[in-house]
Each structure stands twice: as C-alpha cells, then as structure tokens.
Amino acid sequence: MANENLMLYVGSYDDAAAAESDFRSLKDAESAEDFSVVGAVVASRNDAGEVTVDEHGSASPVGGAAKVGAAGGLVVGLFAPPLLLATAIGAGIGAGIGALKKRHEEKEMGVDVDEYLPPGSSAVIVVVDDRYLDRVDKALAKSSKKISKAVDSGDVDKLQKELEDADTRVSKAVDS
C-alpha cells in the first residue's frame, strides 16, 4: 500500500445514530463511486468517558470483545494511540506503540480526543488517500465538526508492523 498521501479524517457527532448513518453513507459511497478507504470506524464515548469502537457500524465496547481488526486498529491508532491500547487487538501491542502515543500526546499526530470525541458524543474516523477527501466529506454530511490531517507514512508503517506483530503474538498465545 502506498502511504504517501494518507489523511486522517474525523467527523464529530452529538448523536450516535447520525454517526452510524453517515458511516453507512460512507460505505455506500465507497461501493457506488469506486473508491476505497484504508479503514473507517465509528467511535462513541459515553458520559462517563468510556469509548466504544466498531468498524462495522454498530458499536461494541473497547476492550472485551471489540470488533476492531487490523484496518480498524490502524484507524484508531492514528486517531488516538492510547485508545488502541484499550482494544482487544491492542492487548498484544508491544513497546513500539509507546513512541506513537508520545507523539500523539505532543500533538504531532492524531487529533485531540477531548475535542473531537468528548463525553456524550460519537465520531466517524477514516483513513483515506487524499484524492478521496471530497467524497468522505460529502458522505459525512451530518457531522457537526470535521478535521482532516495528513498522516506521516512512517507512523503508518510502524503501526502496521506493531499490529501485525501483536496479531502474531495473540495467535501464538491462543494456540498454546
């Protein structure tokens, strides 16, 4: 995959149903308009600050039985590495995620979770080639706030490697 032109796009919502509706619109547009996203998830944060993440449009809890695969893990990791550590796939993440977490905390990558996913809100988070930003923007029409940010290809490569390594470690642990 060529990572040179990837963008992190976040649409924030006050209403979880609107976020899920726009997520479905994104998936419908992706099929109908012959473009693809690297990954997309719906994230929701309840009033207590607990986050649910799903890459299929119906949220499941972060941790426990989160339905987040490699593409979803990549999206969550680029949005907010600390959230990735709380997912089922993140349970196997090694020390390499620490550098990405530090960069996020220094605001060099990702976005401010408290601004774009405050308690009581939802977000659709997408990683996509910059050629398709207009299509993503159009599909996420119901969002109250949007941001797009260039993704450093080195961050993508590091995160993909950590996710692959984590998957291998988890598979070996399950098989033993």
# chains A, B, ... in the order shown; residues from 1 in each chain; ligands from 1
call {"tool": "residues_around", "arguments": {"residues": "Ser148 in chain A", "least_positions_apart": "2", "cutoff": "8 Å", "atoms": "only C-alpha atoms", "output": "PyMOL selection string"}}
result
chain A and resi 7-10+146+150
call {"tool": "closest_residue", "arguments": {"among": "A:Leu74, A:Leu159, A:Val37, A:Leu26", "to": "Arg131 in chain A", "atoms": "only C-alpha atoms"}}
result
A:Val37
call {"tool": "residues_around", "arguments": {"residues": "Val38 in chain A", "least_positions_apart": "2", "cutoff": "12 Å", "atoms": "only C-alpha atoms", "output": "ChimeraX atom specification"}}
result
/A:1-3,5-9,27,30,35-36,40-41,55,70-76,78,125-130,132,136,156,160
call {"tool": "write_last_selection", "arguments": {"atoms": "C-alpha atoms", "output": "PDB file, in the first residue's frame"}}
result
ATOM      1  CA  MET A   1       0.000   0.000   0.000  1.00  0.00           C
ATOM      2  CA  ALA A   2       1.334   3.439  -0.864  1.00  0.00           C
ATOM      3  CA  ASN A   3       1.168   5.517   2.309  1.00  0.00           C
ATOM      4  CA  ASN A   5      -0.906  10.570   0.613  1.00  0.00           C
ATOM      5  CA  LEU A   6      -2.951   9.268   3.525  1.00  0.00           C
ATOM      6  CA  MET A   7      -5.202  11.537   5.544  1.00  0.00           C
ATOM      7  CA  LEU A   8      -6.888  11.061   8.889  1.00  0.00           C
ATOM      8  CA  TYR A   9     -10.424  12.448   8.638  1.00  0.00           C
ATOM      9  CA  LYS A  27     -19.667   2.631   2.936  1.00  0.00           C
ATOM     10  CA  GLU A  30     -17.326   3.706  -1.331  1.00  0.00           C
ATOM     11  CA  PHE A  35     -13.052   4.473  -4.261  1.00  0.00           C
ATOM     12  CA  SER A  36     -11.804   2.866  -1.094  1.00  0.00           C
ATOM     13  CA  ALA A  40     -13.041   3.540   8.993  1.00  0.00           C
ATOM     14  CA  VAL A  41     -14.594   3.169  12.430  1.00  0.00           C
ATOM     15  CA  GLU A  55     -15.583  -0.758  12.113  1.00  0.00           C
ATOM     16  CA  ALA A  70      -6.222  -4.621  11.583  1.00  0.00           C
ATOM     17  CA  ALA A  71      -7.745  -1.797   9.482  1.00  0.00           C
ATOM     18  CA  GLY A  72      -9.762  -0.577  12.461  1.00  0.00           C
ATOM     19  CA  GLY A  73      -6.696  -0.831  14.664  1.00  0.00           C
ATOM     20  CA  LEU A  74      -4.762   1.303  12.207  1.00  0.00           C
ATOM     21  CA  VAL A  75      -7.502   3.957  12.210  1.00  0.00           C
ATOM     22  CA  VAL A  76      -7.821   4.019  15.997  1.00  0.00           C
ATOM     23  CA  LEU A  78      -3.620   7.026  14.120  1.00  0.00           C
ATOM     24  CA  ILE A 125     -12.842   8.240  11.903  1.00  0.00           C
ATOM     25  CA  VAL A 126     -11.465   7.484   8.453  1.00  0.00           C
ATOM     26  CA  VAL A 127      -8.021   6.930   6.962  1.00  0.00           C
ATOM     27  CA  VAL A 128      -8.139   7.576   3.228  1.00  0.00           C
ATOM     28  CA  ASP A 129      -5.975   8.644   0.314  1.00  0.00           C
ATOM     29  CA  ASP A 130      -6.186  12.418  -0.029  1.00  0.00           C
ATOM     30  CA  TYR A 132     -10.918  10.920  -1.913  1.00  0.00           C
ATOM     31  CA  VAL A 136     -15.560  11.314   2.508  1.00  0.00           C
ATOM     32  CA  VAL A 156       1.533   4.113   9.333  1.00  0.00           C
ATOM     33  CA  GLN A 160       1.064  -1.644  10.799  1.00  0.00           C
TER      34      GLN A 160
END
